[in-house]
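**Student:** Below is the file protein.cif, with mmCIF, C-alpha atoms and all ligand atoms.
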data_start
loop_
_atom_site.group_PDB
_atom_site.id
_atom_site.type_symbol
_atom_site.label_atom_id
_atom_site.label_comp_id
_atom_site.auth_asym_id
_atom_site.auth_seq_id
_atom_site.Cartn_x
_atom_site.Cartn_y
_atom_site.Cartn_z
ATOM 1 C CA ASN A 325 -57.771 -107.500 -253.775
ATOM 2 C CA GLU A 326 -59.340 -105.389 -251.032
ATOM 3 C CA SER A 327 -62.724 -105.178 -252.742
ATOM 4 C CA GLU A 328 -63.068 -108.941 -253.076
ATOM 5 C CA ASN A 329 -66.597 -110.098 -252.441
ATOM 6 C CA TYR A 330 -66.423 -113.364 -250.554
ATOM 7 C CA SER A 331 -70.114 -114.113 -250.938
ATOM 8 C CA SER A 332 -69.566 -114.760 -254.643
ATOM 9 C CA GLN A 333 -66.692 -117.213 -254.090
ATOM 10 C CA VAL A 334 -67.109 -120.867 -254.920
ATOM 11 C CA GLN A 335 -67.114 -123.055 -251.817
ATOM 12 C CA PRO A 336 -64.463 -125.792 -252.031
ATOM 13 C CA PRO A 337 -65.801 -129.159 -250.785
ATOM 14 C CA GLY A 338 -65.189 -129.669 -247.069
ATOM 15 C CA THR A 339 -64.852 -125.980 -246.280
ATOM 16 C CA ASN A 340 -67.027 -123.502 -244.409
ATOM 17 C CA ARG A 341 -66.998 -119.877 -243.426
ATOM 18 C CA ARG A 342 -66.077 -119.538 -239.761
ATOM 19 C CA ILE A 343 -66.048 -116.744 -237.241
ATOM 20 C CA PRO A 344 -62.401 -115.779 -236.571
ATOM 21 C CA GLN A 345 -60.515 -117.583 -233.824
ATOM 22 C CA SER A 346 -58.036 -114.733 -233.856
ATOM 23 C CA ILE A 347 -58.335 -111.023 -234.656
ATOM 24 C CA ILE A 348 -55.631 -108.456 -235.339
ATOM 25 C CA ILE A 349 -57.193 -105.547 -233.437
ATOM 26 C CA GLY A 350 -54.631 -102.874 -234.347
ATOM 27 C CA VAL A 351 -53.030 -100.524 -233.936
ATOM 28 C CA ARG A 352 -53.593 -98.462 -237.053
ATOM 29 C CA LYS A 353 -50.197 -97.992 -238.792
ATOM 30 C CA GLY A 354 -48.601 -100.539 -236.493
ATOM 31 C CA GLY A 355 -47.902 -102.945 -239.346
ATOM 32 C CA THR A 356 -51.269 -104.713 -239.335
ATOM 33 C CA ARG A 357 -51.263 -105.470 -243.084
ATOM 34 C CA ALA A 358 -47.722 -106.860 -242.965
ATOM 35 C CA LEU A 359 -48.651 -109.067 -240.010
ATOM 36 C CA LEU A 360 -51.807 -110.376 -241.733
ATOM 37 C CA GLU A 361 -50.059 -111.101 -245.039
ATOM 38 C CA MET A 362 -47.110 -112.752 -243.335
ATOM 39 C CA LEU A 363 -49.389 -114.968 -241.226
ATOM 40 C CA ASP A 364 -51.214 -115.926 -244.409
ATOM 41 C CA ILE A 365 -48.052 -117.836 -245.412
ATOM 42 C CA HIS A 366 -48.995 -120.455 -242.814
ATOM 43 C CA PRO A 367 -51.040 -123.297 -244.379
ATOM 44 C CA GLU A 368 -53.280 -123.481 -241.310
ATOM 45 C CA ILE A 369 -54.204 -119.800 -241.427
ATOM 46 C CA VAL A 370 -56.807 -118.234 -243.695
ATOM 47 C CA VAL A 371 -57.302 -114.488 -243.670
ATOM 48 C CA ALA A 372 -60.073 -112.049 -244.486
ATOM 49 C CA THR A 373 -58.313 -109.647 -246.855
ATOM 50 C CA THR A 374 -60.806 -106.787 -246.408
ATOM 51 C CA GLU A 375 -60.991 -104.742 -243.226
ATOM 52 C CA VAL A 376 -64.380 -105.758 -241.934
ATOM 53 C CA HIS A 377 -65.098 -102.978 -239.361
ATOM 54 C CA PHE A 378 -67.744 -105.128 -237.717
ATOM 55 C CA PHE A 379 -67.168 -104.346 -234.046
ATOM 56 C CA ASP A 380 -66.225 -100.683 -234.388
ATOM 57 C CA TRP A 381 -68.911 -99.502 -236.829
ATOM 58 C CA ASP A 382 -72.436 -99.548 -235.364
ATOM 59 C CA GLU A 383 -74.113 -99.851 -238.774
ATOM 60 C CA ASN A 384 -72.138 -103.061 -239.458
ATOM 61 C CA TYR A 385 -72.515 -104.470 -235.953
ATOM 62 C CA ALA A 386 -76.290 -104.055 -236.268
ATOM 63 C CA LYS A 387 -76.221 -106.534 -239.174
ATOM 64 C CA GLY A 388 -75.384 -109.374 -236.797
ATOM 65 C CA PHE A 389 -72.924 -112.246 -236.502
ATOM 66 C CA GLU A 390 -74.228 -114.107 -239.604
ATOM 67 C CA TRP A 391 -73.405 -111.094 -241.758
ATOM 68 C CA TYR A 392 -69.965 -111.015 -240.196
ATOM 69 C CA LYS A 393 -69.376 -114.724 -240.752
ATOM 70 C CA ASN A 394 -70.366 -114.395 -244.391
ATOM 71 C CA LEU A 395 -67.474 -112.004 -244.932
ATOM 72 C CA MET A 396 -64.973 -114.610 -243.772
ATOM 73 C CA PRO A 397 -63.095 -116.793 -246.281
ATOM 74 C CA PHE A 398 -63.747 -120.512 -246.669
ATOM 75 C CA SER A 399 -61.618 -122.652 -244.389
ATOM 76 C CA TYR A 400 -61.050 -126.304 -243.498
ATOM 77 C CA GLU A 401 -61.748 -127.443 -239.980
ATOM 78 C CA ASN A 402 -58.071 -127.496 -238.990
ATOM 79 C CA GLN A 403 -57.526 -123.917 -240.154
ATOM 80 C CA ILE A 404 -57.677 -120.707 -238.161
ATOM 81 C CA THR A 405 -59.542 -117.738 -239.594
ATOM 82 C CA VAL A 406 -57.921 -114.363 -238.939
ATOM 83 C CA GLU A 407 -59.509 -110.969 -239.492
ATOM 84 C CA LYS A 408 -57.790 -107.599 -239.112
ATOM 85 C CA THR A 409 -59.400 -104.233 -238.490
ATOM 86 C CA PRO A 410 -56.928 -101.731 -236.986
ATOM 87 C CA GLY A 411 -59.757 -99.513 -235.739
ATOM 88 C CA TYR A 412 -60.829 -102.050 -233.119
ATOM 89 C CA PHE A 413 -57.990 -101.255 -230.720
ATOM 90 C CA THR A 414 -59.035 -97.620 -230.269
ATOM 91 C CA SER A 415 -62.793 -98.251 -230.332
ATOM 92 C CA SER A 416 -64.304 -98.325 -226.860
ATOM 93 C CA LEU A 417 -67.153 -100.688 -227.813
ATOM 94 C CA SER A 418 -65.078 -103.367 -229.537
ATOM 95 C CA PRO A 419 -63.729 -105.238 -226.486
ATOM 96 C CA GLU A 420 -67.151 -105.976 -225.031
ATOM 97 C CA ARG A 421 -68.611 -106.892 -228.415
ATOM 98 C CA ILE A 422 -65.761 -109.257 -229.297
ATOM 99 C CA HIS A 423 -65.964 -110.821 -225.853
ATOM 100 C CA GLU A 424 -69.671 -111.404 -226.336
ATOM 101 C CA MET A 425 -69.000 -113.233 -229.613
ATOM 102 C CA ASN A 426 -66.159 -115.405 -228.299
ATOM 103 C CA SER A 427 -64.768 -114.889 -224.820
ATOM 104 C CA SER A 428 -61.819 -117.230 -225.493
ATOM 105 C CA ILE A 429 -60.681 -115.541 -228.721
ATOM 106 C CA LYS A 430 -56.963 -114.898 -229.236
ATOM 107 C CA LEU A 431 -56.200 -111.267 -229.916
ATOM 108 C CA LEU A 432 -53.177 -109.972 -231.779
ATOM 109 C CA LEU A 433 -52.040 -106.403 -231.216
ATOM 110 C CA ILE A 434 -49.146 -104.971 -233.200
ATOM 111 C CA LEU A 435 -47.609 -101.802 -231.803
ATOM 112 C CA ARG A 436 -44.751 -99.537 -232.733
ATOM 113 C CA ASP A 437 -43.087 -96.505 -231.222
ATOM 114 C CA PRO A 438 -46.018 -94.136 -230.547
ATOM 115 C CA THR A 439 -44.250 -91.065 -231.943
ATOM 116 C CA GLU A 440 -43.341 -92.919 -235.139
ATOM 117 C CA ARG A 441 -46.961 -94.094 -235.310
ATOM 118 C CA VAL A 442 -48.212 -90.499 -235.207
ATOM 119 C CA ILE A 443 -45.969 -89.591 -238.127
ATOM 120 C CA SER A 444 -47.056 -92.665 -240.068
ATOM 121 C CA ASP A 445 -50.721 -91.833 -239.373
ATOM 122 C CA TYR A 446 -50.171 -88.229 -240.484
ATOM 123 C CA THR A 447 -48.414 -89.453 -243.662
ATOM 124 C CA GLN A 448 -51.333 -91.712 -244.566
ATOM 125 C CA VAL A 449 -53.879 -88.919 -244.111
ATOM 126 C CA TYR A 450 -51.598 -86.531 -246.023
ATOM 127 C CA TYR A 451 -51.542 -88.810 -249.081
ATOM 128 C CA ASN A 452 -55.283 -89.518 -248.867
ATOM 129 C CA ARG A 453 -55.996 -85.797 -248.864
ATOM 130 C CA LEU A 454 -53.609 -85.163 -251.767
ATOM 131 C CA GLU A 455 -55.363 -87.861 -253.799
ATOM 132 C CA ASN A 456 -58.742 -86.298 -253.025
ATOM 133 C CA HIS A 457 -57.488 -82.788 -253.908
ATOM 134 C CA LYS A 458 -58.029 -81.560 -250.362
ATOM 135 C CA PRO A 459 -55.715 -79.015 -248.701
ATOM 136 C CA VAL A 460 -52.838 -80.418 -246.659
ATOM 137 C CA GLN A 461 -50.847 -79.031 -243.741
ATOM 138 C CA VAL A 462 -47.318 -79.749 -242.624
ATOM 139 C CA ILE A 463 -47.246 -82.005 -239.572
ATOM 140 C CA GLU A 464 -45.873 -79.293 -237.252
ATOM 141 C CA GLU A 465 -48.966 -77.128 -237.911
ATOM 142 C CA ILE A 466 -51.261 -79.919 -236.774
ATOM 143 C CA VAL A 467 -49.246 -81.208 -233.837
ATOM 144 C CA ILE A 468 -48.543 -77.785 -232.302
ATOM 145 C CA ARG A 469 -51.374 -75.293 -231.765
ATOM 146 C CA ASN A 470 -50.598 -71.904 -230.213
ATOM 147 C CA GLY A 471 -47.233 -73.189 -229.084
ATOM 148 C CA VAL A 472 -48.579 -76.219 -227.194
ATOM 149 C CA LEU A 473 -49.042 -79.848 -228.148
ATOM 150 C CA ASN A 474 -52.427 -80.424 -229.762
ATOM 151 C CA THR A 475 -53.329 -83.468 -227.676
ATOM 152 C CA LYS A 476 -56.793 -83.570 -229.280
ATOM 153 C CA TYR A 477 -55.203 -84.558 -232.605
ATOM 154 C CA LYS A 478 -56.623 -88.012 -233.368
ATOM 155 C CA ALA A 479 -53.254 -89.428 -234.383
ATOM 156 C CA ILE A 480 -51.890 -88.509 -230.943
ATOM 157 C CA GLN A 481 -54.939 -89.986 -229.182
ATOM 158 C CA ARG A 482 -54.498 -93.263 -231.038
ATOM 159 C CA SER A 483 -50.927 -93.548 -229.741
ATOM 160 C CA LEU A 484 -52.038 -93.509 -226.075
ATOM 161 C CA TYR A 485 -51.723 -97.267 -225.851
ATOM 162 C CA ASP A 486 -52.367 -97.431 -222.094
ATOM 163 C CA VAL A 487 -55.692 -95.620 -222.410
ATOM 164 C CA HIS A 488 -56.979 -98.060 -225.021
ATOM 165 C CA MET A 489 -55.454 -101.149 -223.422
ATOM 166 C CA GLU A 490 -57.374 -100.462 -220.231
ATOM 167 C CA ASN A 491 -60.642 -101.083 -222.096
ATOM 168 C CA TRP A 492 -59.406 -104.434 -223.405
ATOM 169 C CA LEU A 493 -58.181 -105.628 -220.029
ATOM 170 C CA LYS A 494 -61.691 -105.188 -218.636
ATOM 171 C CA TYR A 495 -62.799 -108.089 -220.835
ATOM 172 C CA PHE A 496 -59.700 -110.117 -221.689
ATOM 173 C CA SER A 497 -56.828 -111.489 -219.676
ATOM 174 C CA LEU A 498 -53.284 -110.620 -220.664
ATOM 175 C CA ASP A 499 -52.597 -114.161 -221.873
ATOM 176 C CA GLN A 500 -55.332 -113.724 -224.489
ATOM 177 C CA ILE A 501 -53.639 -110.683 -226.024
ATOM 178 C CA HIS A 502 -50.359 -111.257 -227.803
ATOM 179 C CA ILE A 503 -48.402 -108.104 -228.573
ATOM 180 C CA VAL A 504 -46.316 -108.103 -231.723
ATOM 181 C CA ASP A 505 -43.420 -105.652 -231.762
ATOM 182 C CA GLY A 506 -44.042 -103.743 -234.991
ATOM 183 C CA ASP A 507 -40.589 -102.148 -235.001
ATOM 184 C CA THR A 508 -38.991 -105.605 -234.835
ATOM 185 C CA LEU A 509 -41.353 -106.992 -237.476
ATOM 186 C CA ILE A 510 -39.969 -104.398 -239.917
ATOM 187 C CA ARG A 511 -36.303 -105.235 -239.214
ATOM 188 C CA ASP A 512 -36.544 -109.007 -238.774
ATOM 189 C CA PRO A 513 -40.006 -110.486 -239.340
ATOM 190 C CA LEU A 514 -39.423 -114.201 -238.697
ATOM 191 C CA PRO A 515 -38.915 -114.252 -234.885
ATOM 192 C CA GLU A 516 -42.044 -112.146 -234.359
ATOM 193 C CA LEU A 517 -44.057 -114.526 -236.554
ATOM 194 C CA GLN A 518 -42.706 -117.570 -234.739
ATOM 195 C CA LYS A 519 -43.993 -116.095 -231.490
ATOM 196 C CA VAL A 520 -47.416 -115.712 -233.081
ATOM 197 C CA GLU A 521 -47.356 -119.330 -234.287
ATOM 198 C CA LYS A 522 -46.717 -120.402 -230.686
ATOM 199 C CA PHE A 523 -49.457 -118.146 -229.348
ATOM 200 C CA LEU A 524 -51.935 -119.648 -231.820
ATOM 201 C CA ASN A 525 -50.729 -123.194 -231.023
ATOM 202 C CA LEU A 526 -49.693 -123.722 -234.626
ATOM 203 C CA ARG A 527 -46.834 -125.835 -235.881
ATOM 204 C CA PRO A 528 -43.866 -123.707 -236.956
ATOM 205 C CA ARG A 529 -44.313 -123.477 -240.721
ATOM 206 C CA ILE A 530 -43.179 -119.937 -241.537
ATOM 207 C CA MET A 531 -39.479 -119.961 -242.478
ATOM 208 C CA SER A 532 -36.701 -117.527 -243.281
ATOM 209 C CA SER A 533 -36.953 -118.555 -246.957
ATOM 210 C CA ASN A 534 -40.421 -116.950 -246.951
ATOM 211 C CA PHE A 535 -38.817 -113.500 -246.780
ATOM 212 C CA TYR A 536 -36.378 -111.524 -248.858
ATOM 213 C CA PHE A 537 -35.254 -107.961 -248.440
ATOM 214 C CA ASN A 538 -36.206 -105.693 -251.329
ATOM 215 C CA GLN A 539 -33.638 -102.896 -251.598
ATOM 216 C CA THR A 540 -35.890 -100.642 -253.690
ATOM 217 C CA LYS A 541 -38.798 -100.873 -251.266
ATOM 218 C CA GLY A 542 -36.524 -100.890 -248.253
ATOM 219 C CA PHE A 543 -38.667 -103.579 -246.578
ATOM 220 C CA TYR A 544 -38.975 -107.323 -246.416
ATOM 221 C CA CYS A 545 -41.249 -108.879 -249.020
ATOM 222 C CA ILE A 546 -42.932 -112.287 -249.076
ATOM 223 C CA ARG A 547 -42.019 -115.430 -250.988
ATOM 224 C CA SER A 548 -44.707 -118.090 -250.754
ATOM 225 C CA GLU A 549 -46.037 -120.845 -253.024
ATOM 226 C CA GLY A 550 -43.564 -119.850 -255.729
ATOM 227 C CA ARG A 551 -44.682 -116.209 -255.790
ATOM 228 C CA GLU A 552 -42.838 -113.121 -254.630
ATOM 229 C CA ARG A 553 -44.693 -110.044 -253.496
ATOM 230 C CA CYS A 554 -44.180 -106.858 -251.566
ATOM 231 C CA LEU A 555 -46.867 -104.987 -249.688
ATOM 232 C CA HIS A 556 -48.873 -102.298 -251.503
ATOM 233 C CA GLU A 557 -47.010 -99.073 -252.263
ATOM 234 C CA SER A 558 -48.994 -97.280 -249.539
ATOM 235 C CA LYS A 559 -47.148 -99.419 -246.974
ATOM 236 C CA GLY A 560 -43.656 -98.250 -246.135
ATOM 237 C CA ARG A 561 -43.846 -94.730 -247.527
ATOM 238 C CA PRO A 562 -41.105 -92.256 -246.656
ATOM 239 C CA HIS A 563 -41.999 -90.075 -243.680
ATOM 240 C CA PRO A 564 -41.527 -86.290 -243.649
ATOM 241 C CA MET A 565 -38.661 -84.763 -241.692
ATOM 242 C CA VAL A 566 -40.139 -83.517 -238.448
ATOM 243 C CA ASN A 567 -38.779 -80.566 -236.482
ATOM 244 C CA SER A 568 -36.757 -81.985 -233.583
ATOM 245 C CA THR A 569 -38.457 -79.915 -230.870
ATOM 246 C CA VAL A 570 -41.830 -81.197 -232.081
ATOM 247 C CA LEU A 571 -40.505 -84.742 -231.940
ATOM 248 C CA GLU A 572 -39.251 -84.151 -228.410
ATOM 249 C CA GLN A 573 -42.624 -82.749 -227.332
ATOM 250 C CA LEU A 574 -44.376 -85.835 -228.664
ATOM 251 C CA GLN A 575 -41.905 -88.153 -226.967
ATOM 252 C CA ALA A 576 -42.250 -86.280 -223.675
ATOM 253 C CA TYR A 577 -46.031 -86.511 -223.878
ATOM 254 C CA PHE A 578 -45.983 -90.260 -224.507
ATOM 255 C CA LYS A 579 -43.352 -91.046 -221.859
ATOM 256 C CA ASP A 580 -45.673 -91.585 -218.869
ATOM 257 C CA HIS A 581 -48.285 -93.272 -221.007
ATOM 258 C CA ASN A 582 -45.660 -95.712 -222.265
ATOM 259 C CA GLN A 583 -44.448 -96.474 -218.733
ATOM 260 C CA ASN A 584 -48.013 -97.049 -217.667
ATOM 261 C CA PHE A 585 -48.547 -99.349 -220.641
ATOM 262 C CA TYR A 586 -45.388 -101.371 -219.809
ATOM 263 C CA ARG A 587 -46.747 -101.898 -216.302
ATOM 264 C CA MET A 588 -50.140 -102.987 -217.590
ATOM 265 C CA VAL A 589 -48.709 -105.620 -219.915
ATOM 266 C CA ASN A 590 -45.666 -106.649 -217.804
ATOM 267 C CA ARG A 591 -43.365 -105.981 -220.703
ATOM 268 C CA SER A 592 -41.302 -103.078 -221.924
ATOM 269 C CA PHE A 593 -40.469 -101.807 -225.395
ATOM 270 C CA ASP A 594 -37.643 -99.569 -226.540
ATOM 271 C CA TRP A 595 -39.887 -96.668 -227.506
ATOM 272 C CA HIS A 596 -38.419 -93.171 -227.114
HETATM 273 P P1 LIG B 601 -45.271 -96.626 -242.964
HETATM 274 O O1 LIG B 601 -45.957 -96.683 -244.287
HETATM 275 O O2 LIG B 601 -45.551 -95.403 -242.222
HETATM 276 O O3 LIG B 601 -43.784 -96.930 -243.053
HETATM 277 P P2 LIG B 601 -50.586 -100.743 -241.295
HETATM 278 O O4 LIG B 601 -50.625 -101.887 -242.268
HETATM 279 O O5 LIG B 601 -51.078 -101.124 -239.944
HETATM 280 O O6 LIG B 601 -51.242 -99.537 -241.878
HETATM 281 O O7 LIG B 601 -49.068 -100.384 -241.048
HETATM 282 C C1 LIG B 601 -48.281 -99.819 -242.069
HETATM 283 C C2 LIG B 601 -46.846 -99.914 -241.644
HETATM 284 O O8 LIG B 601 -46.388 -101.252 -241.730
HETATM 285 C C3 LIG B 601 -45.905 -99.153 -242.536
HETATM 286 O O9 LIG B 601 -45.863 -97.824 -242.069
HETATM 287 C C4 LIG B 601 -44.589 -99.918 -242.401
HETATM 288 O O10 LIG B 601 -43.638 -99.233 -241.624
HETATM 289 C C5 LIG B 601 -44.988 -101.190 -241.671
HETATM 290 N N1 LIG B 601 -44.427 -102.412 -242.242
HETATM 291 C C6 LIG B 601 -43.996 -103.465 -241.499
HETATM 292 N N2 LIG B 601 -43.487 -104.410 -242.263
HETATM 293 C C7 LIG B 601 -43.607 -103.987 -243.548
HETATM 294 C C8 LIG B 601 -43.253 -104.566 -244.802
HETATM 295 N N3 LIG B 601 -42.663 -105.753 -244.861
HETATM 296 N N4 LIG B 601 -43.512 -103.849 -245.927
HETATM 297 C C9 LIG B 601 -44.091 -102.628 -245.835
HETATM 298 N N5 LIG B 601 -44.452 -102.035 -244.679
HETATM 299 C C10 LIG B 601 -44.226 -102.700 -243.536
#
Is it possible to give me this structure as structure tokens?
Ligand code: A3P
**Tutor:**
Amino acid sequence: NESENYSSQVQPPGTNRRIPQSIIIGVRKGGTRALLEMLDIHPEIVVATTEVHFFDWDENYAKGFEWYKNLMPFSYENQITVEKTPGYFTSSLSPERIHEMNSSIKLLLILRDPTERVISDYTQVYYNRLENHKPVQVIEEIVIRNGVLNTKYKAIQRSLYDVHMENWLKYFSLDQIHIVDGDTLIRDPLPELQKVEKFLNLRPRIMSSNFYFNQTKGFYCIRSEGRERCLHESKGRPHPMVNSTVLEQLQAYFKDHNQNFYRMVNRSFDWH
């Protein structure tokens, strides 16, 4: 329940609200919800279900750390609180602000092929606009303006991972930022989650029996504490067919940025 109001929850004895020891900082459409819900399987992880937007929205940041802490769920001392707000990764103020709160925090960043991310981002906005009875455009009309790539398009800007990563590396060392491969998380979630357990120094408690493939949804769903659930229907929506020359233009534009990103993080990905 995204609109859950934590402040009205009953406090179980021995628990407290704690500032997160780990934050999923993005990227938008990278698979942030899947990562959060899958980590929530772990008994030593508690998650804030709502996107808090504390570090990226000035009006929230102005409310202070106590306000932020009060939005966190109750946890026992041995548990790790995790918050996710995908907007942090592309917000230039977030790294410094998070560092100021806790300079030894462990950051989780889930990324996927930048071209695929643009299409996913477009698809989300497309459905939001449809629901709000606003006019929609086909993706090609937005991505190409007067025959050239519209590099000002926000969805393209958000996929420039090197540009955003540079801001984070000013405040955090590479070993504080664990990158989850969002493309792999879709195909085979367990190994990616086991890497996160290691990064967070947690015992391995997430198992293959926690996942089952749902043919109708076309994605893995979660089995935990006797319940089975898939992500919300807005996650894993079919993408539009995109004109192949437009796809190639996007891929060409991201190529150098991707190479630069691989160098920055000493790791490569099989993005186009
Ligand atoms: P699409 O809806 O474009 O396929 P976010 O939560 O950051 O908005 O990311 C949404 C993306 O998570 C989805 O994008 C989907 O591809 C991906 N995803 C990863 N694992 C998933 C899962 N098990 N179920 C649904 N979507 C998943």
**Student:** Name the residues that the PyMOL selection byres (((not hetatm)) within 6 of (chain B and resi 601)) picks from the file above, as a PyMOL selection string, using the file's chain letters and numbers.
**Tutor:** chain A and resi 352-358+444+509-510+543-545+555+559-561
**Student:** Smallest atom-to-atom distance to Asp507 in chain A: which of A:Val460, A:Leu359, A:Ile530, A:Leu431, using only C-alpha atoms?
**Tutor:** A:Leu359
**Student:** If the PyMOL selection byres (((chain A and resi 411) around 10) and not hetatm) is run on the structure shown, which residues does it catch, given as a compact mmCIF listing (two decimals) with C-alpha atoms, keeping the file's coordinate frame?
**Tutor:**
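The file below, result.txt, is the result:
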# COMPACT_ATOMS: atom_id res chain seq x y z
CA ILE A 348 -55.63 -108.46 -235.34
CA ILE A 349 -57.19 -105.55 -233.44
CA GLY A 350 -54.63 -102.87 -234.35
CA VAL A 351 -53.03 -100.52 -233.94
CA ARG A 352 -53.59 -98.46 -237.05
CA GLU A 375 -60.99 -104.74 -243.23
CA VAL A 376 -64.38 -105.76 -241.93
CA HIS A 377 -65.10 -102.98 -239.36
CA PHE A 378 -67.74 -105.13 -237.72
CA PHE A 379 -67.17 -104.35 -234.05
CA ASP A 380 -66.22 -100.68 -234.39
CA TRP A 381 -68.91 -99.50 -236.83
CA LYS A 408 -57.79 -107.60 -239.11
CA THR A 409 -59.40 -104.23 -238.49
CA PRO A 410 -56.93 -101.73 -236.99
CA TYR A 412 -60.83 -102.05 -233.12
CA PHE A 413 -57.99 -101.26 -230.72
CA THR A 414 -59.04 -97.62 -230.27
CA SER A 415 -62.79 -98.25 -230.33
CA SER A 418 -65.08 -103.37 -229.54
CA ARG A 482 -54.50 -93.26 -231.04
**Student:** Quick one: residues within 12 Å of Glu424 in chain A, all atoms listed in the file, excluding same-chain residues fewer than 4 positions away - as JSON, numbers by chain?
**Tutor:** {"A": [379, 389, 417, 418, 419, 420, 428, 429, 495, 496]}
**Student:** I need the chosen residues saved as a short mmCIF file (atom, residue, chain, number, x, y, z; two decimals), in the frame of the given file, with C-alpha atoms.
**Tutor:**
data_model
loop_
_atom_site.label_atom_id
_atom_site.label_comp_id
_atom_site.auth_asym_id
_atom_site.auth_seq_id
_atom_site.Cartn_x
_atom_site.Cartn_y
_atom_site.Cartn_z
CA PHE A 379 -67.17 -104.35 -234.05
CA PHE A 389 -72.92 -112.25 -236.50
CA LEU A 417 -67.15 -100.69 -227.81
CA SER A 418 -65.08 -103.37 -229.54
CA PRO A 419 -63.73 -105.24 -226.49
CA GLU A 420 -67.15 -105.98 -225.03
CA SER A 428 -61.82 -117.23 -225.49
CA ILE A 429 -60.68 -115.54 -228.72
CA TYR A 495 -62.80 -108.09 -220.84
CA PHE A 496 -59.70 -110.12 -221.69
#
**Student:** With the PyMOL selection byres (((chain A and resi 341) around 8) and not hetatm) as the selection, what would be picked from this file? Answer as a ChimeraX atom specification, please.
**Tutor:** /A:339-340,342-343,393-394,396-399
**Student:** Kindly give the distance, in Å, that separates CA of Glu407 in chain A and CA of Ser346 in chain A, rounded to a single decimal.
**Tutor:**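 Between CA of Glu407 in chain A and CA of Ser346 in chain A the gap is 6.9 Å.
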**Student:** Please measure the separation of CA of Gln500 in chain A and CA of Lys430 in chain A, giving the value in Å to one decimal.
**Tutor:** 5.2 Å
**Student:** Would you mind telling me which residue in A:Asp382, A:Leu360, A:Thr447, A:Thr374 lies nearest to Met565 in chain A when using all atoms listed in the file?
**Tutor:** A:Thr447
**Student:** Around all the atoms of range 499-512 of chain A listed in the file, with 4 Å of room on each side, what axis-aligned box do you get, giving centre and edge lengths in Å to one decimal, as JSON?
**Tutor:**
{"center_x": -45.8, "center_y": -108.2, "center_z": -230.9, "size_x": 27.0, "size_y": 20.0, "size_z": 26.0}
**Student:** How far is it from CA of Glu521 in chain A to CA of Tyr536 in chain A, in Å with one decimal?
**Tutor:**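 Separation of CA of Glu521 in chain A and CA of Tyr536 in chain A: 19.8 Å.
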**Student:** Taking all atoms listed in the file into account, name the residue in A:Asn567, A:Met531, A:Met425, A:Asp486 that is nearest to Glu465 in chain A.
**Tutor:**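 For Glu465 in chain A, the nearest of the candidates is A:Asn567.
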**Student:** So that I can check the surroundings of Tyr451 in chain A, please list as a PDB file with C-alpha atoms, in the frame of the given file every protein, DNA and RNA residue that reaches within 12 Å of it, counting only C-alpha atoms and ignoring chain neighbours fewer than 6 positions away.
**Tutor:**
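Listed below is the output, selection33.pdb:
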ATOM      1  CA  SER A 444     -47.056 -92.665-240.068  1.00  0.00           C
ATOM      2  CA  ASP A 445     -50.721 -91.833-239.373  1.00  0.00           C
ATOM      3  CA  HIS A 457     -57.488 -82.788-253.908  1.00  0.00           C
ATOM      4  CA  LYS A 458     -58.029 -81.560-250.362  1.00  0.00           C
ATOM      5  CA  PRO A 459     -55.715 -79.015-248.701  1.00  0.00           C
ATOM      6  CA  VAL A 460     -52.838 -80.418-246.659  1.00  0.00           C
ATOM      7  CA  GLN A 461     -50.847 -79.031-243.741  1.00  0.00           C
ATOM      8  CA  VAL A 462     -47.318 -79.749-242.624  1.00  0.00           C
ATOM      9  CA  GLU A 557     -47.010 -99.073-252.263  1.00  0.00           C
ATOM     10  CA  SER A 558     -48.994 -97.280-249.539  1.00  0.00           C
ATOM     11  CA  LYS A 559     -47.148 -99.419-246.974  1.00  0.00           C
ATOM     12  CA  ARG A 561     -43.846 -94.730-247.527  1.00  0.00           C
ATOM     13  CA  PRO A 562     -41.105 -92.256-246.656  1.00  0.00           C
ATOM     14  CA  HIS A 563     -41.999 -90.075-243.680  1.00  0.00           C
ATOM     15  CA  PRO A 564     -41.527 -86.290-243.649  1.00  0.00           C
TER      16      PRO A 564
END
**Student:** Pick the closest to Leu526 in chain A from A:Gln335, A:Asn538, A:Gln403, A:Thr373: which is it, counting only C-alpha atoms?
**Tutor:** A:Gln403
**Student:** Tell me which protein, DNA and RNA residues are within 8 Å of Asn582 in chain A, counting only C-alpha atoms, leaving out same-chain ones fewer than 6 positions away, and put them as a list in words.
**Tutor:**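 Close residues of Asn582 in chain A: Leu484, Tyr485, Asp486 and Trp595 of chain A.
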